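Colleague: Below: one structure in structure tokens.
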Amino acid sequence: MSTPTTASPATAPAWRSPLLDLPGAVAAEGADAGTAWHYGDPVAEQRALVRGEAVVDLSHRGVVRVSGPDRLSWLHSTTSQALTGLPAGTSTESLVLSPTGRIEHDLHLLDDGEATWITVEAAEREPLVAWLLKMRFALRVEVEDVTAQWAVLGEPSREPGDGGGPVWVDPWPGPVPANEGGAADTASYAAVPTPLHPGAERPWREVLVPRAELAARVAGRRPAGSWAAEALRVEAWRPRLGLETDERSIPHELDWLRTAVHLHKGCYRGQETVAKVHNLGRPPRRLVLLHLDGSSHDLPARGDDVVLAGGPERAVGRVTTAARHHELGPVALAVLKRSVPVDAPLFAVAGSAAGEQRRPLAAAQEVVVAP
């Protein structure tokens with residue numbers, strides 16, 4: 001059986017969920033360390049998620065609370081999303097970009113009218129809190145790392161919750177909104193229109209619960225591990241920070257503008273790159289879904305090379321997340337050079353990132369971001 005392929009370049013903080021004590025639990029590695037990879041039957045767990053009958057332990061995610069009267073205007077000015085006047089209870093997503101437009105943080109964000117709740121990847125919690133504290137200046141905002149008090153559960157639902165605690169509903173894949181003048185406030189780089197986007201079939205939300213109540217909140221429910229959740233995320237073309245991203249990633253090449261970037265808001269760090277790429281051309285790389293040869297027990301790992309079939313073994317891209325889907329079989333998200341033809345036969349070379357024996361797996365690409 002292949003090992004988990006959700007390893008992140010950064011090391012997740014040490015945390016062991018009490019849900020790892022449930023029967024059949026097998027611990028995940030990498031970005032999901034501290035929670036379960038699966039509970040003994042990942043295929044059945046996927047199917048239960050599709051039916052809306054399972055819950056996923058995301059208690060390794062970081063939780064940040066921002067309060068104060070200036071919180072939304074401050075976050076509006078420092079991140080990629082329009083947040084001024086965000087209605088209470090509205091879920092959205094925003095990115096923190098570098099001065100050159102590279103993706104640094106992904107914020108799952110919900111304001112409850114009194115404070116803004118943000119969840120982030122485990123490894124991003126401390127860097128994000130440090131950056132937010134540095135950016136406060138004289139504004140009336142308070143930044144609290146409340147990860148020790150609050151845990152996250154993932155559920156296959158788009159319901160906003162019942163008032164029992166903050167609930168972030170994933171906006172992916174949109175649809176792309178329009179302003180009063182009819183102009184799009186963001187953009188889609190996908191090869192299919194929003195109604196046909198596979199992400200439309202994946203309801204998802206993050207429910208914040210008091211950490212002390214985590215085990216009780218899951219009691220009597222079917223747990224599903226990160227194997228199942230990641231396979232459905234891959235199917236939905238949903239990018240994830242630290243997996244689909246590297247130090248060069250810009251939002252356009254992952255089709256991340258559609259939910260996380262507002263094109264007509266005021267200035268923010270990285271805006272020049274966002275506008276330039278959007279107005280003048282296409283991104284240098286593009287996200288694809290790879291359908292992998294199912295005759296092998298191998299799965300590529302994050303960072304493994306993608307090469308053209310029949311030519312010199314020169315990398316034209318890299319695998320970002322690989323998974324075994326309950327219907328599609330072995331699949332992977334990958335980022336390729338934009339110049340790679342959409343009909344080019346490819347190989348994902350398992351073992352190449354780790355310097356192991358190279359094991360090429362035939363891969364047929366499904367276009368996600370149009371070249």
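Convention: chains lettered A, B, ... in structure tokens order; per-chain residue numbering from 1; ligands numbered from 1 as shown.
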Could you build a table of the residues in range 240-271 of chain A lying no more than 10 Å from range 320-331 of chain A, giving for each the nearest pair of atoms and their separation in Å rounded to one decimal place, using only C-alpha atoms, ordered by chain and ascending residue number, as a Markdown table?
Modeller:
| residue | atom | partner | partner_atom | distance |
| --- | --- | --- | --- | --- |
| A:Arg240 | CA | A:Thr321 | CA | 9.1 |
| A:Gly242 | CA | A:Thr320 | CA | 8.9 |
| A:Leu243 | CA | A:Thr320 | CA | 5.4 |
| A:Glu244 | CA | A:Thr320 | CA | 5.0 |
| A:Thr245 | CA | A:Thr320 | CA | 7.8 |
| A:Asp246 | CA | A:Thr320 | CA | 9.4 |
Colleague: So that I can see what lies close to range 161-168 of chain A, please list as a ChimeraX atom specification the residues with an atom at most 9 Å from it, counting only C-alpha atoms and leaving out residues fewer than 6 positions away in the same chain.
Modeller: /A:89-92,108-112,117-119,204-210
Colleague: Using all heavy atoms, can you export the residues from the last selection as a short mmCIF file (atom, residue, chain, number, x, y, z; two decimals), in the first residue's frame?
Modeller:
data_model
loop_
_atom_site.label_atom_id
_atom_site.label_comp_id
_atom_site.auth_asym_id
_atom_site.auth_seq_id
_atom_site.Cartn_x
_atom_site.Cartn_y
_atom_site.Cartn_z
N GLY A 89 -21.43 36.25 9.27
CA GLY A 89 -21.82 34.91 8.89
C GLY A 89 -21.44 34.52 7.47
O GLY A 89 -21.72 33.40 7.05
N THR A 90 -20.80 35.41 6.73
CA THR A 90 -20.42 35.13 5.34
C THR A 90 -19.03 34.51 5.30
O THR A 90 -18.07 35.08 5.83
CB THR A 90 -20.44 36.41 4.49
OG1 THR A 90 -21.75 36.97 4.52
CG2 THR A 90 -20.05 36.11 3.05
N SER A 91 -18.91 33.37 4.66
CA SER A 91 -17.62 32.71 4.50
C SER A 91 -16.93 33.21 3.24
O SER A 91 -17.58 33.41 2.20
CB SER A 91 -17.80 31.19 4.40
OG SER A 91 -18.40 30.67 5.56
N THR A 92 -15.62 33.38 3.31
CA THR A 92 -14.86 33.76 2.13
C THR A 92 -13.44 33.22 2.28
O THR A 92 -13.12 32.55 3.27
CB THR A 92 -14.86 35.29 1.94
OG1 THR A 92 -14.30 35.62 0.66
CG2 THR A 92 -14.06 35.99 3.02
N HIS A 108 -8.90 30.76 5.37
CA HIS A 108 -10.32 30.41 5.38
C HIS A 108 -10.96 31.32 6.42
O HIS A 108 -10.68 31.19 7.62
CB HIS A 108 -10.51 28.94 5.74
CG HIS A 108 -9.95 27.99 4.73
ND1 HIS A 108 -10.01 26.62 4.87
CD2 HIS A 108 -9.32 28.22 3.55
CE1 HIS A 108 -9.45 26.04 3.81
NE2 HIS A 108 -9.02 27.00 3.01
N LEU A 109 -11.82 32.21 5.99
CA LEU A 109 -12.17 33.37 6.81
C LEU A 109 -13.67 33.53 6.97
O LEU A 109 -14.43 33.40 6.01
CB LEU A 109 -11.55 34.61 6.15
CG LEU A 109 -11.58 35.96 6.84
CD1 LEU A 109 -10.35 36.77 6.43
CD2 LEU A 109 -12.84 36.72 6.46
N LEU A 110 -14.09 33.78 8.21
CA LEU A 110 -15.50 34.00 8.54
C LEU A 110 -15.57 35.08 9.62
O LEU A 110 -14.86 35.01 10.62
CB LEU A 110 -16.13 32.71 9.07
CG LEU A 110 -17.54 32.84 9.66
CD1 LEU A 110 -18.57 32.86 8.54
CD2 LEU A 110 -17.83 31.70 10.63
N ASP A 111 -16.44 36.08 9.41
CA ASP A 111 -16.66 37.10 10.43
C ASP A 111 -18.02 36.87 11.07
O ASP A 111 -19.02 36.67 10.37
CB ASP A 111 -16.60 38.50 9.82
CG ASP A 111 -16.47 39.57 10.89
OD1 ASP A 111 -15.33 39.90 11.27
OD2 ASP A 111 -17.52 40.06 11.36
N ASP A 112 -18.06 36.88 12.41
CA ASP A 112 -19.33 36.62 13.10
C ASP A 112 -20.00 37.89 13.61
O ASP A 112 -20.99 37.83 14.35
CB ASP A 112 -19.13 35.63 14.25
CG ASP A 112 -18.22 36.17 15.35
OD1 ASP A 112 -17.86 37.36 15.32
OD2 ASP A 112 -17.87 35.39 16.27
N TRP A 117 -12.79 34.97 12.28
CA TRP A 117 -12.17 33.68 12.54
C TRP A 117 -11.44 33.22 11.28
O TRP A 117 -11.99 33.29 10.18
CB TRP A 117 -13.22 32.65 12.93
CG TRP A 117 -13.92 32.97 14.21
CD1 TRP A 117 -14.97 33.83 14.38
CD2 TRP A 117 -13.61 32.45 15.51
NE1 TRP A 117 -15.35 33.88 15.69
CE2 TRP A 117 -14.53 33.04 16.41
CE3 TRP A 117 -12.67 31.55 15.98
CZ2 TRP A 117 -14.52 32.75 17.77
CZ3 TRP A 117 -12.66 31.24 17.33
CH2 TRP A 117 -13.57 31.84 18.21
N ILE A 118 -10.21 32.74 11.44
CA ILE A 118 -9.39 32.32 10.32
C ILE A 118 -8.83 30.94 10.64
O ILE A 118 -8.29 30.72 11.74
CB ILE A 118 -8.23 33.30 10.08
CG1 ILE A 118 -8.76 34.69 9.73
CG2 ILE A 118 -7.30 32.78 8.98
CD1 ILE A 118 -7.68 35.76 9.75
N THR A 119 -8.95 30.00 9.70
CA THR A 119 -8.24 28.73 9.85
C THR A 119 -7.20 28.61 8.75
O THR A 119 -7.41 29.09 7.63
CB THR A 119 -9.17 27.50 9.83
OG1 THR A 119 -9.49 27.15 8.49
CG2 THR A 119 -10.44 27.75 10.62
N TRP A 204 -18.46 21.41 1.17
CA TRP A 204 -17.45 21.27 2.22
C TRP A 204 -17.56 22.44 3.18
O TRP A 204 -17.81 23.58 2.77
CB TRP A 204 -16.06 21.23 1.61
CG TRP A 204 -14.98 20.82 2.60
CD1 TRP A 204 -13.99 21.60 3.11
CD2 TRP A 204 -14.80 19.52 3.17
NE1 TRP A 204 -13.21 20.87 3.97
CE2 TRP A 204 -13.69 19.58 4.03
CE3 TRP A 204 -15.50 18.31 3.05
CZ2 TRP A 204 -13.25 18.49 4.75
CZ3 TRP A 204 -15.06 17.21 3.78
CH2 TRP A 204 -13.94 17.31 4.62
N ARG A 205 -17.39 22.15 4.44
CA ARG A 205 -17.34 23.21 5.44
C ARG A 205 -16.40 22.80 6.57
O ARG A 205 -16.11 21.61 6.77
CB ARG A 205 -18.73 23.51 5.99
CG ARG A 205 -19.33 22.42 6.86
CD ARG A 205 -20.72 22.80 7.36
NE ARG A 205 -21.23 21.85 8.35
CZ ARG A 205 -22.41 21.96 8.95
NH1 ARG A 205 -23.20 22.99 8.66
NH2 ARG A 205 -22.79 21.07 9.85
N GLU A 206 -15.92 23.81 7.30
CA GLU A 206 -15.10 23.59 8.49
C GLU A 206 -15.87 24.10 9.70
O GLU A 206 -16.28 25.27 9.75
CB GLU A 206 -13.77 24.34 8.37
CG GLU A 206 -12.87 23.80 7.28
CD GLU A 206 -11.58 24.57 7.14
OE1 GLU A 206 -11.40 25.59 7.85
OE2 GLU A 206 -10.76 24.18 6.30
N VAL A 207 -16.10 23.22 10.65
CA VAL A 207 -16.85 23.55 11.86
C VAL A 207 -15.86 23.68 13.01
O VAL A 207 -15.08 22.77 13.29
CB VAL A 207 -17.87 22.45 12.17
CG1 VAL A 207 -18.65 22.78 13.45
CG2 VAL A 207 -18.83 22.27 10.99
N LEU A 208 -15.88 24.83 13.67
CA LEU A 208 -15.02 25.04 14.82
C LEU A 208 -15.73 24.59 16.09
O LEU A 208 -16.88 25.00 16.34
CB LEU A 208 -14.62 26.52 14.94
CG LEU A 208 -13.40 26.95 14.13
CD1 LEU A 208 -13.67 26.86 12.63
CD2 LEU A 208 -12.96 28.36 14.49
N VAL A 209 -15.05 23.76 16.86
CA VAL A 209 -15.62 23.23 18.10
C VAL A 209 -14.60 23.45 19.21
O VAL A 209 -13.39 23.46 18.96
CB VAL A 209 -15.98 21.73 17.98
CG1 VAL A 209 -16.96 21.50 16.85
CG2 VAL A 209 -14.71 20.89 17.76
N PRO A 210 -15.06 23.64 20.44
CA PRO A 210 -14.10 23.71 21.55
C PRO A 210 -13.23 22.45 21.57
O PRO A 210 -13.74 21.33 21.47
CB PRO A 210 -15.00 23.80 22.78
CG PRO A 210 -16.26 24.42 22.27
CD PRO A 210 -16.44 23.85 20.89
#
Colleague: How many Å separate CA of Leu346 in chain A from CA of Gly310 in chain A?
Modeller: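 Between CA of Leu346 in chain A and CA of Gly310 in chain A the gap works out to 8.6 Å.
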Colleague: Give me the residues near Thr100 in chain A as a list in words, where near means some atom within 12 Å (using only C-alpha atoms) and where sequence neighbours in that chain fewer than 6 positions away do not count.
Modeller: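 Selected residues are Glu247, Arg248, Ser249, Ile250, Pro251, Tyr268, Arg269, Gly270, Gln271, Glu272, Thr273, Val274, Ala275, Lys276 and Val277 of chain A.
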Colleague: Smallest atom-to-atom distance to Ala219 in chain A: which of A:Val55, A:Asp41, A:Pro345, A:Ala191, using only C-alpha atoms?
Modeller: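 Counting only C-alpha atoms, the residue closest to Ala219 in chain A is A:Val55.
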Colleague: Can you pull out every residue within 6 Å of Glu121 in chain A, counting only C-alpha atoms, but drop anything in the same chain fewer than 2 positions away, and send it as a ChimeraX atom specification?
Modeller: /A:61,123-124
Colleague: Please, which residues of range 43-272 of chain A, numbered as in this document, come out strand (DSSP E or B) from DSSP, as a PyMOL selection string?
Modeller: chain A and resi 54-57+62-67+91-97+103-111+115-120+142-145+150-155+167-169+178+184+190+205-210+222-224
Colleague: Show me, as a Markdown table, the residues of range 245-320 of chain A having an atom within 12 Å of range 353-361 of chain A, each with the closest atom pair and its distance in Å, using only C-alpha atoms.
Modeller:
| residue | atom | partner | partner_atom | distance |
| --- | --- | --- | --- | --- |
| A:Leu290 | CA | A:Leu361 | CA | 10.4 |
| A:His291 | CA | A:Leu361 | CA | 9.9 |
| A:Leu292 | CA | A:Leu361 | CA | 6.5 |
| A:Asp293 | CA | A:Leu361 | CA | 5.8 |
| A:Gly294 | CA | A:Leu361 | CA | 8.8 |
| A:Ser295 | CA | A:Leu361 | CA | 9.2 |
| A:Ser296 | CA | A:Leu361 | CA | 7.8 |
| A:His297 | CA | A:Leu361 | CA | 10.2 |
| A:Asp298 | CA | A:Leu361 | CA | 8.1 |
| A:Leu299 | CA | A:Leu361 | CA | 8.3 |
| A:Pro300 | CA | A:Leu361 | CA | 8.2 |
| A:Ala301 | CA | A:Ala353 | CA | 7.4 |
| A:Arg302 | CA | A:Ala353 | CA | 7.6 |
| A:Gly303 | CA | A:Ala353 | CA | 5.4 |
| A:Asp304 | CA | A:Ala353 | CA | 4.6 |
| A:Asp305 | CA | A:Ala353 | CA | 7.0 |
| A:Val306 | CA | A:Pro360 | CA | 8.9 |
| A:Val307 | CA | A:Pro360 | CA | 8.9 |
| A:Leu308 | CA | A:Pro360 | CA | 10.7 |
| A:Ala309 | CA | A:Pro360 | CA | 9.5 |
| A:Gly310 | CA | A:Pro360 | CA | 11.8 |
| A:Glu313 | CA | A:Pro360 | CA | 10.1 |
| A:Ala315 | CA | A:Ala353 | CA | 11.2 |
| A:Gly317 | CA | A:Ala353 | CA | 11.9 |
| A:Arg318 | CA | A:Ala353 | CA | 9.1 |
| A:Val319 | CA | A:Ala353 | CA | 9.5 |
| A:Thr320 | CA | A:Ala353 | CA | 11.2 |
Colleague: Could you give me, as a PyMOL selection string, each residue of range 1-70 of chain A that DSSP assigns to alpha helix (DSSP H) when run on this structure's backbone?
Modeller: chain A and resi 42-50
Colleague: Mind writing the picked residues with N, CA and C atoms as a short mmCIF file (atom, residue, chain, number, x, y, z; two decimals), in the first residue's frame?
Modeller:
data_model
loop_
_atom_site.label_atom_id
_atom_site.label_comp_id
_atom_site.auth_asym_id
_atom_site.auth_seq_id
_atom_site.Cartn_x
_atom_site.Cartn_y
_atom_site.Cartn_z
N PRO A 42 -10.59 3.21 3.55
CA PRO A 42 -10.63 4.55 2.94
C PRO A 42 -11.61 4.66 1.78
N VAL A 43 -11.86 3.57 1.07
CA VAL A 43 -12.83 3.63 -0.04
C VAL A 43 -14.23 3.85 0.52
N ALA A 44 -14.60 3.09 1.53
CA ALA A 44 -15.92 3.26 2.15
C ALA A 44 -16.04 4.64 2.79
N GLU A 45 -14.93 5.14 3.34
CA GLU A 45 -14.95 6.48 3.94
C GLU A 45 -15.21 7.55 2.89
N GLN A 46 -14.61 7.39 1.70
CA GLN A 46 -14.89 8.33 0.61
C GLN A 46 -16.36 8.32 0.24
N ARG A 47 -16.89 7.14 0.09
CA ARG A 47 -18.29 7.02 -0.31
C ARG A 47 -19.22 7.60 0.75
N ALA A 48 -18.85 7.43 2.03
CA ALA A 48 -19.66 8.02 3.10
C ALA A 48 -19.61 9.54 3.04
N LEU A 49 -18.44 10.09 2.71
CA LEU A 49 -18.34 11.55 2.55
C LEU A 49 -19.21 12.03 1.39
N VAL A 50 -19.18 11.31 0.28
CA VAL A 50 -20.01 11.70 -0.87
C VAL A 50 -21.48 11.70 -0.50
#
Colleague: Restricting the calculation to only C-alpha atoms: of A:Leu289, A:Leu128, A:Leu232, A:Val340, which residue gets closest to Ala190 in chain A?
Modeller: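 Of A:Leu289, A:Leu128, A:Leu232, A:Val340, the one nearest Ala190 in chain A, counting only C-alpha atoms, is A:Leu289.
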Colleague: My list of candidates is A:Ser17, A:Asn279, A:Ser77, A:Thr194. Which is closest to Ala236 in chain A when distances are computed with only C-alpha atoms?
Modeller: A:Thr194
Colleague: Using only C-alpha atoms for the distances, tell me which of A:Phe137, A:Trp37, A:Trp74, A:Trp172 is nearest to Glu201 in chain A.
Modeller: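 Smallest distance to Glu201 in chain A is found for A:Trp172.
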Colleague: Fewer than 6 positions away in the same chain doesn't count, so skip those; otherwise give me all residues within 9 Å of Pro69 in chain A, counting only C-alpha atoms, as an mmCIF file with N, CA, C and O atoms, in the first residue's frame.
Modeller:
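Ended up saving to selection09.cif:
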data_model
loop_
_atom_site.group_PDB
_atom_site.id
_atom_site.type_symbol
_atom_site.label_atom_id
_atom_site.label_comp_id
_atom_site.auth_asym_id
_atom_site.auth_seq_id
_atom_site.Cartn_x
_atom_site.Cartn_y
_atom_site.Cartn_z
ATOM 1 N N GLU A 114 -18.528 40.094 15.528
ATOM 2 C CA GLU A 114 -17.715 40.570 16.637
ATOM 3 C C GLU A 114 -16.238 40.309 16.426
ATOM 4 O O GLU A 114 -15.389 41.048 16.922
ATOM 5 N N ALA A 115 -15.927 39.266 15.678
ATOM 6 C CA ALA A 115 -14.533 38.902 15.418
ATOM 7 C C ALA A 115 -14.453 38.148 14.098
ATOM 8 O O ALA A 115 -15.448 37.599 13.610
ATOM 9 N N LEU A 139 -3.463 50.342 14.464
ATOM 10 C CA LEU A 139 -4.869 50.037 14.211
ATOM 11 C C LEU A 139 -5.506 49.327 15.407
ATOM 12 O O LEU A 139 -4.832 48.666 16.208
ATOM 13 N N ARG A 140 -6.819 49.443 15.487
ATOM 14 C CA ARG A 140 -7.574 48.856 16.602
ATOM 15 C C ARG A 140 -7.932 47.411 16.264
ATOM 16 O O ARG A 140 -9.061 47.086 15.914
ATOM 17 N N VAL A 141 -6.953 46.553 16.348
ATOM 18 C CA VAL A 141 -7.138 45.126 16.081
ATOM 19 C C VAL A 141 -6.352 44.320 17.114
ATOM 20 O O VAL A 141 -5.304 44.748 17.591
#
Colleague: Do you have the CA of Ala216 in chain A-CA of Thr35 in chain A distance handy?
Modeller: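 It comes out at 16.1 Å.
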Colleague: Can you measure CA of Arg51 in chain A to CA of Arg233 in chain A for me? One decimal in Å is fine.
Modeller: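 Separating CA of Arg51 in chain A from CA of Arg233 in chain A is a distance of 15.1 Å.
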Colleague: Using only C-alpha atoms, which protein or nucleic acid residues come within 9 Å of Pro175 in chain A? Drop anything in the same chain fewer than 6 positions from it, and give the result as a PDB file with all heavy atoms, in the first residue's frame.
Modeller:
ATOM      1  N   THR A 194     -18.178  27.400 -14.971  1.00  0.00           N
ATOM      2  CA  THR A 194     -18.456  27.081 -13.567  1.00  0.00           C
ATOM      3  C   THR A 194     -19.521  26.001 -13.372  1.00  0.00           C
ATOM      4  O   THR A 194     -19.350  25.116 -12.528  1.00  0.00           O
ATOM      5  CB  THR A 194     -18.822  28.362 -12.805  1.00  0.00           C
ATOM      6  OG1 THR A 194     -17.698  29.253 -12.836  1.00  0.00           O
ATOM      7  CG2 THR A 194     -19.177  28.061 -11.370  1.00  0.00           C
ATOM      8  N   PRO A 195     -20.649  26.008 -14.121  1.00  0.00           N
ATOM      9  CA  PRO A 195     -21.648  24.959 -13.878  1.00  0.00           C
ATOM     10  C   PRO A 195     -21.132  23.542 -14.114  1.00  0.00           C
ATOM     11  O   PRO A 195     -21.696  22.582 -13.565  1.00  0.00           O
ATOM     12  CB  PRO A 195     -22.766  25.316 -14.870  1.00  0.00           C
ATOM     13  CG  PRO A 195     -22.613  26.778 -15.109  1.00  0.00           C
ATOM     14  CD  PRO A 195     -21.141  27.022 -15.074  1.00  0.00           C
ATOM     15  N   ALA A 200     -18.182  21.831  -8.070  1.00  0.00           N
ATOM     16  CA  ALA A 200     -19.573  22.111  -7.728  1.00  0.00           C
ATOM     17  C   ALA A 200     -20.240  20.912  -7.069  1.00  0.00           C
ATOM     18  O   ALA A 200     -21.272  21.056  -6.389  1.00  0.00           O
ATOM     19  CB  ALA A 200     -20.348  22.528  -8.981  1.00  0.00           C
ATOM     20  N   ARG A 258     -10.602  32.626  -8.583  1.00  0.00           N
ATOM     21  CA  ARG A 258     -12.055  32.471  -8.609  1.00  0.00           C
ATOM     22  C   ARG A 258     -12.699  32.577  -7.233  1.00  0.00           C
ATOM     23  O   ARG A 258     -13.857  32.988  -7.107  1.00  0.00           O
ATOM     24  CB  ARG A 258     -12.447  31.174  -9.305  1.00  0.00           C
ATOM     25  CG  ARG A 258     -12.016  29.911  -8.613  1.00  0.00           C
ATOM     26  CD  ARG A 258     -12.315  28.681  -9.467  1.00  0.00           C
ATOM     27  NE  ARG A 258     -13.697  28.658  -9.895  1.00  0.00           N
ATOM     28  CZ  ARG A 258     -14.098  28.459 -11.154  1.00  0.00           C
ATOM     29  NH1 ARG A 258     -13.207  28.264 -12.104  1.00  0.00           N
ATOM     30  NH2 ARG A 258     -15.372  28.444 -11.456  1.00  0.00           N
ATOM     31  N   THR A 259     -12.000  32.224  -6.169  1.00  0.00           N
ATOM     32  CA  THR A 259     -12.593  32.322  -4.829  1.00  0.00           C
ATOM     33  C   THR A 259     -11.788  33.183  -3.868  1.00  0.00           C
ATOM     34  O   THR A 259     -12.300  33.534  -2.804  1.00  0.00           O
ATOM     35  CB  THR A 259     -12.746  30.924  -4.186  1.00  0.00           C
ATOM     36  OG1 THR A 259     -11.479  30.256  -4.181  1.00  0.00           O
ATOM     37  CG2 THR A 259     -13.777  30.092  -4.941  1.00  0.00           C
TER      38      THR A 259
END
Colleague: Let me make sure I understand: among A:Ala224, A:Leu254, A:Val234, A:Ala348, which one has the smallest atom-to-atom distance to Leu20 in chain A if we use only C-alpha atoms?
Modeller: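 Answer, going by the shortest atom-to-atom distance: A:Ala224.
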Colleague: Which is closer to Ala28 in chain A than all the others in A:Ala228, A:Val316, A:Ala138, A:Val288, using only C-alpha atoms?
Modeller: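 Ranking A:Ala228, A:Val316, A:Ala138, A:Val288 by distance to Ala28 in chain A, first place goes to A:Ala228.
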